[in-house]
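Colleague: Let me begin by handing over the structure; questions about it come next.
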Amino acid sequence: MHCVRKVTEDLYWVGGNDHRLALFENIHPIPRGVSYNSYLLLDEKTVLFDTVDWSIGRQFLENIEYVLGGRPLDYMVINHMEPDHGASIEEVLLRHPEVQIISTEKAFMLMRQFGFDVDGHMIEVTEGDVQSFGKHEVTFVSAPMVHWPEAMVSFDITDGILFAADAFGSFGALDGKLFNDEVNFDRDWIDDARRYYTNIVGKYGPHVQSLLKKAGTIDIKMICPLHGPVWRSDLGYFLEKYDKWSRYEPEEQGVMIVYASMYGNTEAAAQNLAARLCEKGMTNVVMYDVSNTHVSQLISETFRLSHIVLASVTYNLGIYPLMHNYLMDMKALNLQKRTFAVIENGSWACKSGSLMREFIDDMREMDVLDEQVTLMSSMTEDNGDDMDTLADGLIESMKQ
Ligand SMILES: Cc1cc2nc3c(=O)[nH]c(=O)nc-3n(C[C@H](O)[C@H](O)[C@H](O)COP(=O)(O)O)c2cc1C
């Protein structure tokens, strides 16, 4: 049975939702599921914009057949060749041998690498090329590393619709609600959107910036991403988030305390700091235990907030492994422009503080406050003054 939504008079959403997949990219938990979006335009020619993950292939094929209503499929525009979007290309080809695929040179290379026989079906496009499908004229804009090197976005000049590939996407299944104005995005979706952006595309901020610059020159009325809601109102809200995230600017002044603790003493010290901060009036404080918070969530929150406190035990003369993993992820994603503070703990040879400092010093545009707390197994009254100075240092640095 088909399950489609009308996007405009002649454009249909023909994607689907997956609630069964536990880990996106086999790494990131997606408790709210994920949607794979694909769009079918009925003009003088019929045009499919991207395909879907194989997990929802059957639903997708039924949707296409329903919307086509017996018409041939003339074109398939492939903006992005990652398998969660490109996996169904070959099946569409088998069912519609008449189809011509419009894509970039690199995407065709990837199609062959993934084993698709696309010979005789290829129309290669580059930046600025325009293709007319009847009433609709579509131009193609390269978007390398947003989030793979072959990526492009397509812009329907006639209706002002941006087919944005992996840009402006979000984790979360749509479950009937296709448009941003059919959901409470700022309440129910923004955390998943941020976790999607920061972990999937976060590393490529400068590439996203260059795409945003190009987007600024065209009159976009609607954004059709490959995951999550279609944007048809309040576009500025999401464009502004993307601008901040891709410039690595925090969304909020606030303190994120990330702690690693085996027996609870470092955790107690983290609580002590949180209480002091709130006592001093800084109440935008969140706390995360590295041992029970997925690193994708830690990364997302690190993009959101301005100040990060790392509180870690020393573990076999090193940083606690899960804290180390978080720091490595942060570095891999190229995160910048944050202020850190350090709380270290050790019972006989305390090393975690200096090691965490070294790690952060190696990253771009990161500050570490001089104020630091060193615990010998547990926090005592003797540490009180240092903890107070640390809290003051955090609050002071927010004023700058
Ligand atoms: C497996 C293991 C390895 C540790 N390695 C060190 C170490 O190399 N140097 C040190 O000073 N403390 C070491 N510690 C002690 C911890 O850093 C920490 O002081 C202690 O676990 C108390 O903090 P917590 O209650 O937050 O876990 C180790 C503890 C464990 C369980």
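We label chains A, B, ... in the order they appear in the structure tokens, count residues from 1 in each chain, and number ligands from 1 in the order shown.
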Using only C-alpha atoms, which residues of range 277-328 of chain A come within 7 Å of range 351-367 of chain A, and what is the closest atom pair for each, with the distance in Å to one decimal? Give it as a Markdown table, sorted by chain and residue number.

Modeller:
| residue | atom | partner | partner_atom | distance |
| --- | --- | --- | --- | --- |
| A:Ser312 | CA | A:Ser352 | CA | 6.4 |
| A:Val313 | CA | A:Ser352 | CA | 6.4 |
| A:Thr314 | CA | A:Ser352 | CA | 4.8 |
| A:Leu317 | CA | A:Lys351 | CA | 5.9 |
| A:Gly318 | CA | A:Ser352 | CA | 5.9 |
| A:Ile319 | CA | A:Ser352 | CA | 4.9 |

Colleague: Could you list, as an MDAnalysis selection string, all residues that come within 12 Å of ligand 1? Count only C-alpha atoms and all ligand atoms.

Modeller: chainID A and resid 259:271 289:291 311:321 343:353 374:379

Colleague: Tell me, as number ranges by chain, which residues lie within 8 Å of range 333-339 of chain A, counting only C-alpha atoms; anything in the same chain fewer than 6 positions away does not count.

Modeller: A: 198-199, 202-204, 248-250, 303, 306-308, 363-369

Colleague: Which of range 60-94 of chain A counts as alpha helix (DSSP H) under DSSP, as a list in words please?

Modeller: Phe60, Leu61, Glu62, Asn63, Ile64, Glu65, Tyr66, Val67, Leu68, Pro83, Asp84, His85, Gly86, Ile89, Glu90, Glu91, Val92, Leu93 and Leu94 of chain A

Colleague: Please identify all polymer residues within 9 Å of Trp54 in chain A, counting only C-alpha atoms, omitting same-chain residues fewer than 5 positions from it, and present them as a list in words.

Modeller: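 The filter keeps Pro83, Asp84, His85, Gly86, Ala87 and Ser88 of chain A.
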
Colleague: List every residue of range 157-256 of chain A that has an atom at most 12 Å from any atom of range 27-48 of chain A, and for each one report the closest atom pair and its distance in Å to one decimal, counting only C-alpha atoms, with rows sorted by chain and then by increasing residue number, as a tab-separated table.

Modeller:
residue	atom	partner	partner_atom	distance
A:Thr158	CA	A:Asp43	CA	11.6
A:Asp159	CA	A:Leu41	CA	11.6
A:Ile161	CA	A:Tyr39	CA	11.3
A:Leu162	CA	A:Tyr39	CA	11.4
A:Phe163	CA	A:Tyr39	CA	8.7
A:Ala164	CA	A:Asn37	CA	10.7
A:Ala165	CA	A:Asn37	CA	9.3
A:Asp166	CA	A:Asn37	CA	10.2
A:Gly169	CA	A:Ser35	CA	9.5
A:Ser170	CA	A:Val34	CA	7.9
A:Phe171	CA	A:Val34	CA	5.2
A:Gly172	CA	A:Val34	CA	4.4
A:Ala173	CA	A:Val34	CA	4.2
A:Leu174	CA	A:Ser35	CA	6.2
A:Asp175	CA	A:Ser35	CA	8.6
A:Gly176	CA	A:Ser35	CA	10.6
A:Lys177	CA	A:Ser35	CA	11.0
A:Leu178	CA	A:Asn37	CA	9.8
A:Asp188	CA	A:Arg32	CA	10.4
A:Trp189	CA	A:Arg32	CA	9.8
A:Asp191	CA	A:Arg32	CA	11.3
A:Asp192	CA	A:Ile30	CA	8.6
A:Ala193	CA	A:Val34	CA	11.0
A:Arg195	CA	A:His28	CA	9.0
A:Tyr196	CA	A:His28	CA	8.8
A:Tyr197	CA	A:His28	CA	11.9
A:Thr198	CA	A:His28	CA	11.5
A:Asn199	CA	A:His28	CA	8.4
A:Ile200	CA	A:His28	CA	9.4
A:Ile223	CA	A:Tyr39	CA	11.7
A:Cys224	CA	A:Asn37	CA	8.2
A:Pro225	CA	A:Asn37	CA	7.0
A:Leu226	CA	A:Asn37	CA	4.6
A:His227	CA	A:Ser35	CA	5.2
A:Gly228	CA	A:Ser35	CA	5.8
A:Pro229	CA	A:Ser35	CA	8.8
A:Val230	CA	A:Asn37	CA	9.2

Colleague: For the strand (DSSP E) assignment from backbone DSSP, which residues of range 45-96 of chain A qualify? Please present them as a list in words.

Modeller: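 Checking each residue of range 45-96 of chain A, the strand (DSSP E) ones are Thr46, Val47, Leu48, Phe49, Tyr75, Met76 and Val77 of chain A.
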
Colleague: Create the file for the chosen residues now, containing N, CA and C atoms and written as a PDB file, in the first residue's frame.

Modeller:
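This went into out.pdb:
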ATOM      1  N   THR A  46       8.823  13.215 -15.765  1.00  0.00           N
ATOM      2  CA  THR A  46       8.739  12.816 -14.353  1.00  0.00           C
ATOM      3  C   THR A  46      10.158  12.715 -13.797  1.00  0.00           C
ATOM      4  N   VAL A  47      10.333  13.228 -12.588  1.00  0.00           N
ATOM      5  CA  VAL A  47      11.688  13.321 -12.028  1.00  0.00           C
ATOM      6  C   VAL A  47      11.684  12.870 -10.559  1.00  0.00           C
ATOM      7  N   LEU A  48      12.524  11.885 -10.253  1.00  0.00           N
ATOM      8  CA  LEU A  48      12.669  11.420  -8.880  1.00  0.00           C
ATOM      9  C   LEU A  48      13.925  12.063  -8.288  1.00  0.00           C
ATOM     10  N   PHE A  49      13.780  12.708  -7.127  1.00  0.00           N
ATOM     11  CA  PHE A  49      14.948  13.302  -6.461  1.00  0.00           C
ATOM     12  C   PHE A  49      15.421  12.360  -5.357  1.00  0.00           C
ATOM     13  N   TYR A  75      13.471  10.784 -15.317  1.00  0.00           N
ATOM     14  CA  TYR A  75      14.765  11.174 -14.731  1.00  0.00           C
ATOM     15  C   TYR A  75      14.843  10.814 -13.255  1.00  0.00           C
ATOM     16  N   MET A  76      16.073  10.583 -12.826  1.00  0.00           N
ATOM     17  CA  MET A  76      16.340  10.392 -11.403  1.00  0.00           C
ATOM     18  C   MET A  76      17.523  11.319 -11.087  1.00  0.00           C
ATOM     19  N   VAL A  77      17.305  12.296 -10.220  1.00  0.00           N
ATOM     20  CA  VAL A  77      18.394  13.189  -9.806  1.00  0.00           C
ATOM     21  C   VAL A  77      19.002  12.608  -8.532  1.00  0.00           C
TER      22      VAL A  77
END

Colleague: Mind pulling up the distance from CA of Met256 in chain A to CA of Asp388 in chain A?

Modeller: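 So the two atoms, CA of Asp388 in chain A and CA of Met256 in chain A, lie 16.7 Å apart.
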
Colleague: Applying 12 Å and only C-alpha atoms, which residues near Gly254 in chain A remain after dropping the ones on its own chain fewer than 2 positions away? List them as a PyMOL selection string.

Modeller: chain A and resi 250-252+256-257+274+277-278+281-287+301-309+338-340+394-395+397-399

Colleague: Using only C-alpha atoms, can you tell me which of A:Ile190, A:Val201, A:Leu11, A:Met330 comes closest to His136 in chain A?

Modeller: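 Among the listed residues, A:Leu11 lies closest to His136 in chain A.
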
Colleague: May I ask for the distance between CA of Gly134 in chain A and CA of Glu9 in chain A, given in Å to one decimal place?

Modeller: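 Here the two named atoms are 14.5 Å from each other.
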
Colleague: Quick one, how far is CA of Glu396 in chain A from CA of Arg276 in chain A?

Modeller: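 CA of Arg276 in chain A lies 13.8 Å from CA of Glu396 in chain A.
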
Colleague: Quick one: residues within 10 Å of range 137-152 of chain A, only C-alpha atoms counted, chain neighbours fewer than 2 positions away excluded, as a count of residues only?

Modeller: 55
